[in-house]
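*Asks:* So that you have it, the file is structure-v2.txt, and it contains compact mmCIF, C-alpha atoms:
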# COMPACT_ATOMS: atom_id res chain seq x y z
CA MET L 25 -9.87 16.55 39.64
CA ILE L 26 -8.11 13.30 40.52
CA GLU L 27 -5.98 12.29 37.58
CA LEU L 28 -4.10 8.99 37.75
CA PRO L 29 -1.92 7.45 35.03
CA ARG L 30 -3.80 5.47 32.39
CA GLY L 31 -1.86 2.34 33.31
CA THR L 32 -3.50 2.28 36.77
CA VAL L 33 -7.06 1.99 35.42
CA PHE L 34 -8.78 -1.20 36.57
CA ASN L 35 -12.52 -0.42 36.43
CA ARG L 36 -14.03 -3.59 37.87
CA ARG L 37 -17.43 -3.62 39.51
CA ILE L 38 -17.44 -5.41 42.87
CA PRO L 39 -20.81 -6.85 43.96
CA LYS L 40 -21.37 -5.34 47.40
CA GLN L 41 -22.70 -8.65 48.72
CA LYS L 42 -19.15 -10.06 48.41
CA PHE L 43 -18.32 -8.11 51.56
CA TYR L 44 -21.09 -9.56 53.71
CA GLU L 45 -22.46 -12.81 52.24
CA ASN L 46 -19.69 -15.17 53.35
CA LEU L 47 -18.41 -13.21 56.34
CA SER L 48 -19.50 -13.03 59.95
CA VAL L 49 -21.19 -9.66 59.44
CA THR L 50 -23.95 -8.48 61.75
CA ALA L 51 -27.46 -8.04 60.42
CA GLU L 52 -27.12 -4.31 61.08
CA LEU L 53 -23.98 -3.96 58.96
CA LYS L 54 -25.54 -6.03 56.17
CA ARG L 55 -28.54 -3.68 56.22
CA ILE L 56 -26.17 -0.68 56.02
CA PHE L 57 -24.48 -2.14 52.93
CA ILE L 58 -27.85 -2.65 51.28
CA GLU L 59 -29.42 0.69 52.23
CA GLN L 60 -26.48 3.11 52.01
CA ILE L 61 -24.52 1.74 49.03
CA ASN L 62 -25.63 1.69 45.43
CA VAL L 63 -22.58 0.17 43.72
CA ILE L 64 -18.84 -0.37 44.33
CA TYR L 65 -16.13 -0.04 41.66
CA TRP L 66 -12.45 -0.94 41.88
CA ARG L 67 -11.25 2.02 39.80
CA ASN L 68 -7.44 1.98 39.97
CA LYS L 69 -4.50 -0.13 41.05
CA ILE L 70 -1.44 1.96 41.93
CA SER L 71 1.68 -0.20 42.15
CA PRO L 72 5.25 -0.42 40.76
CA THR L 73 3.82 -2.43 37.84
CA THR L 74 1.32 0.29 36.87
CA VAL L 75 3.33 3.47 37.57
CA ASN L 76 7.02 4.30 37.42
CA ILE L 77 7.44 4.29 41.20
CA ALA L 78 9.59 2.03 43.37
CA ALA L 79 8.08 -0.42 45.83
CA GLY L 80 7.82 0.68 49.43
CA GLU L 81 8.95 -1.10 52.58
CA ILE L 82 5.37 -1.21 53.87
CA VAL L 83 3.08 -0.28 50.98
CA SER L 84 3.07 -2.55 47.94
CA GLU L 85 -0.16 -1.38 46.27
CA ILE L 86 -2.80 1.29 46.72
CA GLU L 87 -6.26 0.40 45.47
CA VAL L 88 -8.72 3.15 44.53
CA ILE L 89 -12.24 2.06 45.46
CA GLU L 90 -15.22 4.15 44.36
CA ILE L 91 -18.42 3.74 46.39
CA ARG L 92 -21.58 5.25 44.93
CA LEU L 93 -24.03 6.07 47.68
CA ASN L 94 -27.78 6.18 48.02
CA GLN L 95 -27.47 8.99 50.59
CA PRO L 96 -24.87 11.64 51.47
CA ASN L 97 -23.15 9.67 54.24
CA LEU L 98 -21.68 6.23 54.87
CA ASP L 99 -21.22 4.33 58.11
CA ARG L 100 -17.48 4.16 58.81
CA ARG L 101 -17.77 0.46 59.67
CA VAL L 102 -18.26 -0.24 55.96
CA LEU L 103 -14.83 1.21 55.16
CA GLN L 104 -13.28 -0.73 58.05
CA LEU L 105 -14.75 -3.99 56.76
CA ILE L 106 -13.51 -3.40 53.20
CA ASP L 107 -10.10 -2.36 54.55
CA ARG L 108 -9.85 -5.60 56.53
CA GLU L 109 -10.88 -7.80 53.60
CA ILE L 110 -8.58 -6.26 50.97
CA PRO L 111 -4.94 -6.82 52.05
CA TYR L 112 -3.65 -3.59 50.51
CA HIS L 113 -3.84 0.11 51.28
CA ILE L 114 -7.00 1.75 49.96
CA LEU L 115 -8.01 5.21 48.81
CA PHE L 116 -11.82 5.46 48.97
CA LEU L 117 -13.80 7.83 46.76
CA LEU L 118 -17.38 8.30 47.94
CA LEU L 119 -19.76 9.60 45.29
CA TYR L 120 -23.25 10.96 45.87
CA GLU L 121 -24.99 12.64 42.95
CA GLU L 122 -22.40 15.18 41.69
CA GLN L 123 -20.43 15.40 44.95
CA MET L 124 -17.35 13.42 46.00
CA GLN L 125 -15.36 12.83 49.19
CA ALA L 126 -11.95 11.17 49.49
CA TRP L 127 -11.40 8.91 52.53
CA ILE L 128 -8.29 7.05 53.62
CA GLY L 129 -7.42 5.06 56.72
CA TYR L 130 -4.02 5.00 58.37
CA LYS L 131 -3.16 1.28 58.27
CA GLU L 132 -0.42 -0.19 60.44
CA GLN L 133 1.05 -3.64 59.93
CA SER L 134 -0.39 -6.13 62.39
CA GLN L 135 1.84 -7.42 65.14
CA GLY L 136 3.27 -10.94 65.02
CA GLY L 137 5.02 -10.74 61.66
CA THR L 138 1.90 -11.25 59.56
CA ALA L 139 1.35 -9.42 56.28
CA ALA L 140 -2.06 -8.15 57.39
CA PHE L 141 -2.78 -4.50 58.08
CA LYS L 142 -4.94 -3.08 60.85
CA PRO L 143 -7.07 -0.05 59.84
CA GLY L 144 -6.89 2.78 62.34
CA THR L 145 -7.81 6.47 62.14
CA TYR L 146 -9.70 7.62 59.04
CA TYR L 147 -9.31 10.99 57.37
CA HIS L 148 -11.56 12.56 54.76
CA THR L 149 -12.07 15.66 52.66
CA GLU L 150 -15.22 17.75 52.62
CA TRP L 151 -17.85 17.05 49.98
CA GLN L 152 -16.80 18.73 46.72
CA THR L 153 -17.74 18.49 43.08
CA VAL L 154 -15.87 15.82 41.16
CA ALA L 155 -14.01 18.57 39.28
CA GLU L 156 -12.99 20.38 42.49
CA LEU L 157 -11.64 17.39 44.42
CA SER L 158 -7.92 17.27 43.75
CA LEU L 159 -5.32 14.73 44.84
CA ARG L 160 -1.78 14.42 43.51
CA LEU L 161 0.19 11.23 43.07
CA ASP L 162 3.53 12.34 44.53
CA GLY L 163 6.50 10.34 45.81
CA LEU L 164 9.49 8.26 44.79
CA ASN L 165 8.16 5.02 46.28
CA MET L 166 4.82 3.54 47.33
CA ASP L 167 5.32 4.43 51.01
CA SER L 168 5.69 8.13 50.17
CA VAL L 169 2.75 8.05 47.72
CA TYR L 170 0.52 6.62 50.47
CA GLU L 171 1.78 9.17 52.99
CA GLY L 172 1.15 11.92 50.44
CA PHE L 173 -2.48 10.85 50.00
CA ILE L 174 -3.02 10.79 53.77
CA ARG L 175 -1.48 14.22 54.31
CA GLN L 176 -3.41 15.79 51.42
CA ILE L 177 -6.71 14.39 52.70
CA ALA L 178 -6.06 15.10 56.40
CA GLY L 179 -4.75 18.62 55.80
CA GLU L 180 -3.89 20.60 58.95
CA ARG L 181 -4.75 17.68 61.24
CA LEU L 182 -1.40 16.04 60.43
CA GLU L 183 1.02 18.92 60.60
CA ASN L 184 4.27 17.51 61.97
CA LYS L 185 6.42 18.69 64.80
CA PRO L 186 10.05 19.08 63.61
CA GLY L 187 11.56 15.65 62.97
CA GLY L 188 8.24 13.82 63.29
CA ASP L 189 7.14 11.12 60.85
CA LEU L 190 3.65 10.09 59.72
CA LYS L 191 3.16 7.63 62.59
CA ASP L 192 4.05 10.36 65.09
CA ALA L 193 1.69 12.84 63.40
CA VAL L 194 -1.19 10.34 63.47
CA ALA L 195 -0.55 9.52 67.15
CA ARG L 196 -0.57 13.24 68.01
CA ASP L 197 -3.81 13.75 66.10
CA GLU L 198 -5.47 10.76 67.81
CA ARG L 199 -4.47 12.12 71.22
CA ARG L 200 -5.67 15.60 70.26
CA GLN L 201 -9.08 14.27 69.16
CA LYS L 202 -9.41 12.25 72.39
CA LEU L 203 -8.50 15.26 74.55
CA GLN L 204 -11.04 17.47 72.79
CA LYS L 205 -13.79 14.93 73.53
CA GLU L 206 -12.70 14.60 77.18
CA ILE L 207 -12.63 18.40 77.59
CA ALA L 208 -16.12 18.77 76.08
CA ALA L 209 -17.47 16.05 78.40
CA LEU L 210 -15.85 17.68 81.46
CA GLU L 211 -17.24 21.10 80.55
CA ASN L 212 -20.73 19.61 80.34
CA LYS L 213 -20.22 17.84 83.67
CA MET L 214 -19.07 21.09 85.32
CA ARG L 215 -22.18 22.92 84.12
CA ARG L 216 -24.38 20.29 85.77
CA GLU L 217 -22.38 19.97 89.00
CA LYS L 218 -23.93 21.76 92.01
CA GLN L 219 -21.29 21.08 94.69
CA PHE L 220 -18.58 23.74 94.87
CA ASN L 221 -15.78 21.42 95.98
CA LYS L 222 -16.58 19.05 93.11
CA GLN L 223 -16.56 21.97 90.69
CA VAL L 224 -13.08 22.91 91.91
CA GLU L 225 -11.88 19.34 91.40
CA LEU L 226 -13.32 19.18 87.88
CA ASN L 227 -11.87 22.56 87.01
CA GLY L 228 -8.40 21.39 88.03
CA GLU L 229 -8.70 18.37 85.74
CA LEU L 230 -10.03 20.59 82.96
CA LYS L 231 -7.01 22.91 83.22
CA ARG L 232 -4.65 19.92 83.06
CA LEU L 233 -6.30 18.58 79.90
CA ARG L 234 -6.38 22.00 78.24
CA LYS L 235 -2.68 22.49 78.97
CA GLU L 236 -1.88 19.11 77.40
CA LEU L 237 -4.01 19.99 74.37
CA GLU L 238 -2.18 23.30 73.95
CA GLY L 239 1.08 21.37 73.76
CA LEU L 240 -0.28 19.36 70.84
CA LEU L 241 -1.52 22.34 68.80
Translate the structure of the given file into structure tokens.
*Replies:*
Amino acid sequence: MIELPRGTVFNRRIPKQKFYENLSVTAELKRIFIEQINVIYWRNKISPTTVNIAAGEIVSEIEVIEIRLNQPNLDRRVLQLIDREIPYHILFLLLYEEQMQAWIGYKEQSQGGTAAFKPGTYYHTEWQTVAELSLRLDGLNMDSVYEGFIRQIAGERLENKPGGDLKDAVARDERRQKLQKEIAALENKMRREKQFNKQVELNGELKRLRKELEGLL
């Protein structure tokens, strides 16, 4: 169970059309909002004013957004759009019937000195009952609370090398995911290739990618 301090409770319903009516959203994404989402609630506001935690250098607030679904999946572009429109870090809770998933995106500050954040890689838990899904609010400041949420949700994907920070762990994971896709594509290509010399060439590239992947595991 996710238990947050009473002072963080916000409980405001957000009309889903707010995210697509006045924005340059494609017809496809508007249809996804309408078909996949039932209702959106702004459940909690985690900040130095609502919990006894110091402000962070990067993270000032973490909003907890609950999205109740009409089906057991949600197009990731919906989360990206909400993340871009709300200028804070967000913990998403997806709810379908009696099952819940936690999602969170690693957000980096945009270049150029602006206060905006650019959503990057997303991490999520498996579907669990509401009672089974557990996240702890740990940390001495908002930066560490945010990092704690990401690491709890990502699990083994973000295990650090000695001395590595969260940004380093995310970069390693992104490279690992990319390599796994490239290796799978090369393996498929090798199975279809008829020319021996081309097979040898592809196998050499495959060995190189596998060796790099091993170094990231």
*Asks:* I'd like to know which of L:Thr153, L:Thr74, L:Gln60, L:Asn35 is closest to Met166 in chain L, using all atoms listed in the file.
*Replies:* L:Thr74
*Asks:* From the set L:Val49, L:Leu182, L:Met124, L:Ile106, which residue has the shortest atom-to-atom contact distance to Ser158 in chain L, counting all atoms listed in the file?
*Replies:* L:Met124
*Asks:* Using all atoms listed in the file, pick whichever of L:Lys54, L:Lys235, L:Arg92, L:Lys222 has the shortest atom-to-atom distance to Phe116 in chain L.
*Replies:*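 Nearest to Phe116 in chain L: L:Arg92.
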*Asks:* Taking all listed atoms of range 225-236 of chain L, build the axis-aligned box, pad each of the six sides by 3 Å, then write its centre and edge lengths in Å to one decimal as lines of an AutoDock Vina configuration file.
*Replies:*
center_x = -7.6
center_y = 20.6
center_z = 84.4
size_x = 17.4
size_y = 10.5
size_z = 20.0
*Asks:* For CA of Val169 in chain L and CA of Phe34 in chain L, quote the distance in Å rounded to one decimal.
*Replies:*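 Interatomic distance, CA of Val169 in chain L to CA of Phe34 in chain L: 18.5 Å.
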*Asks:* Pick out the residues sitting within 12 Å of Val88 in chain L, and hand them over as a PyMOL selection string; count all atoms listed in the file, and ignore anything fewer than 6 positions along from it in its own chain.
*Replies:* chain L and resi 26-28+32-36+64-71+106-107+110+112-118+126-128+170+173
*Asks:* Deliver the residues from the most recent selection as a file, using C-alpha atoms, as a PDB file, keeping the file's coordinate frame.
*Replies:*
ATOM      1  CA  ILE L  26      -8.110  13.300  40.520  1.00  0.00           C
ATOM      2  CA  GLU L  27      -5.980  12.290  37.580  1.00  0.00           C
ATOM      3  CA  LEU L  28      -4.100   8.990  37.750  1.00  0.00           C
ATOM      4  CA  THR L  32      -3.500   2.280  36.770  1.00  0.00           C
ATOM      5  CA  VAL L  33      -7.060   1.990  35.420  1.00  0.00           C
ATOM      6  CA  PHE L  34      -8.780  -1.200  36.570  1.00  0.00           C
ATOM      7  CA  ASN L  35     -12.520  -0.420  36.430  1.00  0.00           C
ATOM      8  CA  ARG L  36     -14.030  -3.590  37.870  1.00  0.00           C
ATOM      9  CA  ILE L  64     -18.840  -0.370  44.330  1.00  0.00           C
ATOM     10  CA  TYR L  65     -16.130  -0.040  41.660  1.00  0.00           C
ATOM     11  CA  TRP L  66     -12.450  -0.940  41.880  1.00  0.00           C
ATOM     12  CA  ARG L  67     -11.250   2.020  39.800  1.00  0.00           C
ATOM     13  CA  ASN L  68      -7.440   1.980  39.970  1.00  0.00           C
ATOM     14  CA  LYS L  69      -4.500  -0.130  41.050  1.00  0.00           C
ATOM     15  CA  ILE L  70      -1.440   1.960  41.930  1.00  0.00           C
ATOM     16  CA  SER L  71       1.680  -0.200  42.150  1.00  0.00           C
ATOM     17  CA  ILE L 106     -13.510  -3.400  53.200  1.00  0.00           C
ATOM     18  CA  ASP L 107     -10.100  -2.360  54.550  1.00  0.00           C
ATOM     19  CA  ILE L 110      -8.580  -6.260  50.970  1.00  0.00           C
ATOM     20  CA  TYR L 112      -3.650  -3.590  50.510  1.00  0.00           C
ATOM     21  CA  HIS L 113      -3.840   0.110  51.280  1.00  0.00           C
ATOM     22  CA  ILE L 114      -7.000   1.750  49.960  1.00  0.00           C
ATOM     23  CA  LEU L 115      -8.010   5.210  48.810  1.00  0.00           C
ATOM     24  CA  PHE L 116     -11.820   5.460  48.970  1.00  0.00           C
ATOM     25  CA  LEU L 117     -13.800   7.830  46.760  1.00  0.00           C
ATOM     26  CA  LEU L 118     -17.380   8.300  47.940  1.00  0.00           C
ATOM     27  CA  ALA L 126     -11.950  11.170  49.490  1.00  0.00           C
ATOM     28  CA  TRP L 127     -11.400   8.910  52.530  1.00  0.00           C
ATOM     29  CA  ILE L 128      -8.290   7.050  53.620  1.00  0.00           C
ATOM     30  CA  TYR L 170       0.520   6.620  50.470  1.00  0.00           C
ATOM     31  CA  PHE L 173      -2.480  10.850  50.000  1.00  0.00           C
TER      32      PHE L 173
END
*Asks:* Give me the residues of range 193-239 of chain L that have any atom at most 12 Å from an atom of range 141-147 of chain L; for each, the nearest atom pair and the distance in Å, rounded to one decimal. Use all atoms listed in the file, sort by chain and number, and format it as JSON lines.
*Replies:*
{"residue": "L:Ala193", "atom": "CA", "partner": "L:Thr145", "partner_atom": "CA", "distance": 11.5}
{"residue": "L:Val194", "atom": "CA", "partner": "L:Thr145", "partner_atom": "CA", "distance": 7.8}
{"residue": "L:Ala195", "atom": "CA", "partner": "L:Thr145", "partner_atom": "CA", "distance": 9.3}
{"residue": "L:Arg196", "atom": "CA", "partner": "L:Thr145", "partner_atom": "CA", "distance": 11.5}
{"residue": "L:Asp197", "atom": "CA", "partner": "L:Thr145", "partner_atom": "CA", "distance": 9.2}
{"residue": "L:Glu198", "atom": "CA", "partner": "L:Thr145", "partner_atom": "CA", "distance": 7.5}
{"residue": "L:Arg199", "atom": "CA", "partner": "L:Thr145", "partner_atom": "CA", "distance": 11.2}
{"residue": "L:Gln201", "atom": "CA", "partner": "L:Thr145", "partner_atom": "CA", "distance": 10.6}
{"residue": "L:Lys202", "atom": "CA", "partner": "L:Thr145", "partner_atom": "CA", "distance": 11.9}
*Asks:* Which residue out of L:Lys218, L:Ile177, L:Glu85, L:Gln123 has the minimum interatomic distance to Val154 in chain L when all atoms listed in the file are used?
*Replies:*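 For Val154 in chain L, the nearest of the given residues is L:Gln123.
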*Asks:* Which distance in Å separates CA of Val102 in chain L and CA of Ile61 in chain L, to one decimal?
*Replies:* 9.5 Å
*Asks:* What does the distance from CA of Arg215 in chain L to CA of Leu233 in chain L come to in Å, to one decimal?
*Replies:*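 Value for the CA of Arg215 in chain L-CA of Leu233 in chain L distance: 17.0 Å.
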*Asks:* What lies within 12 Å of Phe43 in chain L using all atoms listed in the file, ignoring chain neighbours under 2 positions off, as a list in words?
*Replies:*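 Close residues of Phe43 in chain L: Ile38, Pro39, Lys40, Gln41, Glu45, Asn46, Leu47, Ser48, Val49, Thr50, Leu53, Lys54, Ile56, Phe57, Ile58, Ile61, Ile64, Arg101, Val102, Leu103, Gln104, Leu105, Ile106, Asp107, Arg108, Glu109 and Ile110 of chain L.
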*Asks:* Find the residues near Glu211 in chain L: any atom within 12 Å, counting only C-alpha atoms, skip ones fewer than 3 places away on the same chain, and give them as a PyMOL selection string.
*Replies:* chain L and resi 204-208+214-217+223+226-231+233-234
*Asks:* L:Gly163, L:Ile86, L:Glu156, L:Ile174: which is nearest Gly129 in chain L, counting all atoms listed in the file?
*Replies:*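 Ranked by minimum distance to Gly129 in chain L, first place goes to L:Ile174.
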*Asks:* Excluding Lys191 in chain L and residues on its chain fewer than 6 positions from it, collect all residues at most 10 Å away from it, counting all atoms listed in the file, and give them as a ChimeraX atom specification.
*Replies:* /L:130-132,171,182,184,197
*Asks:* Considering only C-alpha atoms, return as a ChimeraX atom specification whatever protein or nucleic-acid residues lie within 6 Å of range 76-80 of chain L, sequence-local ones (same chain, fewer than 5 positions apart) excluded.
*Replies:* /L:164-167
*Asks:* Please produce an output containing C-alpha atoms for each residue in the selection, written as a JSON list (two decimals), in the coordinates of the input.
*Replies:*
[["chain", "number", "residue", "atom", "x", "y", "z"],
["L", 164, "LEU", "CA", 9.49, 8.26, 44.79],
["L", 165, "ASN", "CA", 8.16, 5.02, 46.28],
["L", 166, "MET", "CA", 4.82, 3.54, 47.33],
["L", 167, "ASP", "CA", 5.32, 4.43, 51.01]]
